[in-house]
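One file, entry-v1.cif, is given below (mmCIF, C-alpha atoms).
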```
data_protein
#
loop_
_atom_site.label_atom_id
_atom_site.label_comp_id
_atom_site.auth_asym_id
_atom_site.auth_seq_id
_atom_site.Cartn_x
_atom_site.Cartn_y
_atom_site.Cartn_z
CA ILE P 484 51.71 19.38 -5.12
CA ALA P 485 50.51 21.51 -8.04
CA TYR P 486 50.66 25.20 -7.21
CA GLN P 487 49.50 28.26 -9.11
CA ARG P 488 49.28 31.91 -8.12
CA ASP P 489 48.43 34.50 -10.74
CA GLU P 490 50.33 33.47 -13.89
CA VAL P 491 52.99 31.41 -12.09
CA ALA P 492 52.48 27.65 -12.04
CA THR P 493 54.88 25.16 -10.49
CA SER P 494 55.01 22.05 -8.38
CA VAL P 495 56.07 21.78 -4.77
CA ARG P 496 57.99 18.61 -4.06
CA LEU P 497 58.09 17.26 -0.52
CA ARG P 498 60.74 14.93 0.89
CA GLU P 499 62.55 14.38 -2.40
CA PHE P 500 64.89 11.38 -2.21
CA GLY P 501 63.47 10.72 1.27
CA ARG P 502 65.22 13.80 2.65
CA PRO P 503 63.49 16.45 4.79
CA ILE P 504 63.42 19.07 2.04
CA ILE P 505 60.92 21.06 0.03
CA SER P 506 61.79 21.81 -3.59
CA ILE P 507 60.00 24.43 -5.69
CA PRO P 508 61.27 24.37 -9.30
CA VAL P 509 60.30 27.20 -11.64
CA GLY P 510 60.80 27.68 -15.35
CA GLY P 511 60.19 29.97 -18.28
CA ARG P 512 60.00 33.75 -18.12
CA PHE P 513 59.21 33.69 -14.42
CA ALA P 514 62.38 31.71 -13.68
CA TRP P 515 64.48 34.23 -15.62
CA TRP P 516 62.85 37.10 -13.74
CA LEU P 517 63.08 35.43 -10.32
CA GLU P 518 66.71 34.50 -10.83
CA SER P 519 67.56 38.15 -11.49
CA GLN P 520 66.15 39.16 -8.10
CA SER P 521 68.06 39.28 -4.81
CA GLU P 522 68.56 36.13 -2.76
CA ASP P 523 66.20 37.57 -0.13
CA ALA P 524 63.49 38.16 -2.75
CA ILE P 525 63.82 34.59 -4.02
CA LYS P 526 63.67 33.23 -0.48
CA ASN P 527 60.62 35.37 0.31
CA TRP P 528 58.84 34.10 -2.80
CA GLY P 529 59.53 30.49 -1.78
CA LEU P 530 58.31 31.15 1.74
CA GLU P 531 55.10 32.70 0.37
CA VAL P 532 54.44 29.54 -1.64
CA ILE P 533 54.99 27.39 1.45
CA LYS P 534 52.73 29.64 3.55
CA ASP P 535 50.01 29.53 0.87
CA LEU P 536 50.01 25.74 0.95
CA PHE P 537 50.71 24.88 4.57
CA GLY P 538 50.07 28.02 6.62
CA TYR P 539 52.36 30.52 8.28
CA GLU P 540 53.29 28.32 11.26
CA VAL P 541 55.19 25.77 9.16
CA THR P 542 57.83 28.33 8.15
CA LYS P 543 59.20 28.41 11.70
CA ASP P 544 60.54 24.88 11.11
CA ILE P 545 62.61 25.84 8.06
CA VAL P 546 66.28 25.77 9.06
CA ALA P 547 68.03 26.47 5.74
CA PHE P 548 67.30 27.89 2.31
CA LYS P 549 69.26 27.09 -0.86
CA GLN P 550 68.71 28.18 -4.42
CA SER P 551 70.14 27.34 -7.79
CA ALA P 552 70.70 29.78 -10.63
CA TRP P 553 70.96 27.73 -13.77
CA GLY P 554 70.10 30.62 -16.06
CA PHE P 555 73.23 32.52 -15.11
CA ASP P 556 75.52 29.49 -14.88
CA GLN P 557 78.13 29.88 -17.63
CA TRP P 558 77.89 26.20 -18.65
CA ILE P 559 74.19 25.51 -18.24
CA LYS P 560 72.65 28.82 -19.34
CA GLY P 561 69.22 27.79 -18.10
CA ALA P 562 69.07 24.73 -20.33
CA TYR P 563 66.56 22.02 -19.61
CA SER P 564 65.69 19.23 -21.96
CA SER P 565 62.27 18.11 -22.98
CA GLN P 566 60.78 16.48 -26.01
CA ARG P 567 57.64 17.29 -27.88
CA PRO P 568 54.65 14.98 -27.61
CA GLY P 569 54.78 12.27 -30.24
CA THR P 570 58.57 12.24 -30.54
CA VAL P 571 59.28 9.31 -28.23
CA GLY P 572 62.09 7.98 -30.45
CA SER P 573 64.05 11.22 -30.50
CA ARG P 574 66.08 10.39 -27.38
CA LYS P 575 67.29 7.10 -28.86
CA THR P 576 68.27 8.92 -32.05
CA LEU P 577 70.17 11.54 -30.05
CA MET P 578 72.14 8.77 -28.33
CA GLU P 579 73.49 7.41 -31.64
CA PRO P 580 77.07 8.53 -32.41
CA ILE P 581 77.82 10.51 -35.54
CA HIS P 582 80.53 8.82 -37.64
CA ASP P 583 81.80 7.10 -34.48
CA CYS P 584 83.53 10.32 -33.45
CA ILE P 585 80.81 12.49 -31.86
CA TRP P 586 78.74 11.24 -28.92
CA PHE P 587 76.01 13.20 -27.20
CA ALA P 588 75.39 13.09 -23.48
CA GLY P 589 73.22 14.93 -21.01
CA GLU P 590 69.77 14.75 -19.53
CA ALA P 591 68.21 14.64 -23.00
CA ALA P 592 70.34 11.63 -24.00
CA SER P 593 68.76 9.15 -21.62
CA GLU P 594 65.77 6.97 -22.43
CA HIS P 595 64.94 6.04 -18.85
CA ALA P 596 66.25 8.88 -16.65
CA PHE P 597 65.66 11.90 -18.89
CA ASN P 598 65.41 15.38 -17.38
CA THR P 599 67.51 14.29 -14.40
CA ALA P 600 71.06 14.82 -13.19
CA HIS P 601 71.62 11.08 -12.83
CA GLY P 602 70.38 10.56 -16.39
CA ALA P 603 72.93 13.12 -17.57
CA TRP P 604 75.66 11.42 -15.52
CA GLU P 605 74.81 7.94 -16.84
CA SER P 606 74.64 9.14 -20.43
CA GLY P 607 78.03 10.82 -20.01
CA GLN P 608 79.53 7.57 -18.75
CA ARG P 609 77.97 5.71 -21.68
CA ALA P 610 79.34 8.20 -24.19
CA VAL P 611 82.86 8.12 -22.73
CA ILE P 612 82.98 4.32 -22.70
CA ALA P 613 81.65 4.16 -26.27
CA SER P 614 84.18 6.74 -27.47
CA LEU P 615 87.07 4.72 -26.03
CA SER P 616 86.18 1.48 -27.78
#
```

As structure tokens, what does this structure read like?
Amino acid sequence: IAYQRDEVATSVRLREFGRPIISIPVGGRFAWWLESQSEDAIKNWGLEVIKDLFGYEVTKDIVAFKQSAWGFDQWIKGAYSSQRPGTVGSRKTLMEPIHDCIWFAGEAASEHAFNTAHGAWESGQRAVIASLS
């Protein structure tokens, strides 16, 4: 579900992977700001989004709240891959080894599962197998 309030735009994902969850990913400057807030403030923001879309009553059925903080993760640092329009071949180019000694992996190095954790995992497996042969 597309959602926008003031200058913040996001999507609200329902039942991802068939599980009874609601996911509200954010990015850009707002994500950096929100991530620097307290856990309660982040939770309250998420609940406000849910109330805006579905009404106050639905929040009584929420049994848990989890958040991620990729911006402050020492390995991820808020990274997220994307490609510019018109550069469809760039992922395939990124997947090519350099001098058969450097292989790239990650969510950007997948032609079919880009921008996903499983795409990163699969590209890592591909790179390891290729580096061993």

Checklist entry - Any idea what's packed within 12 Å of range 550-560 of chain P, counting only C-alpha atoms, ignoring anything in its chain fewer than 2 positions away? Could you give it as a PyMOL selection string? => result chain P and resi 505-529+547-548+562-564+589-590

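One finds CA of Ala603 in chain P at 12.3 Å from CA of Arg574 in chain P.
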
Next on the checklist: As a check of understanding, name the residues that the PyMOL selection byres ((chain P and resi 534-542) around 10) selects in the supplied structure, as a ChimeraX atom specification.
Outcome noted: /P:484-486,488,495,528-533,543-546

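Between CA of Met578 in chain P and CA of Ala592 in chain P the separation is 5.5 Å.
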
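Here CA of His582 in chain P stands at a distance of 13.5 Å from CA of Ala610 in chain P.
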
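Residues matched by the PyMOL selection byres ((chain P and resi 579) around 12) in this file are Gly572, Ser573, Arg574, Lys575, Thr576, Leu577, Met578, Pro580, Ile581, His582, Asp583, Cys584, Ile585, Trp586, Phe587, Ala588, Ala592, Ser593, Ser606, Arg609, Ala610, Ala613 and Ser614 of chain P.
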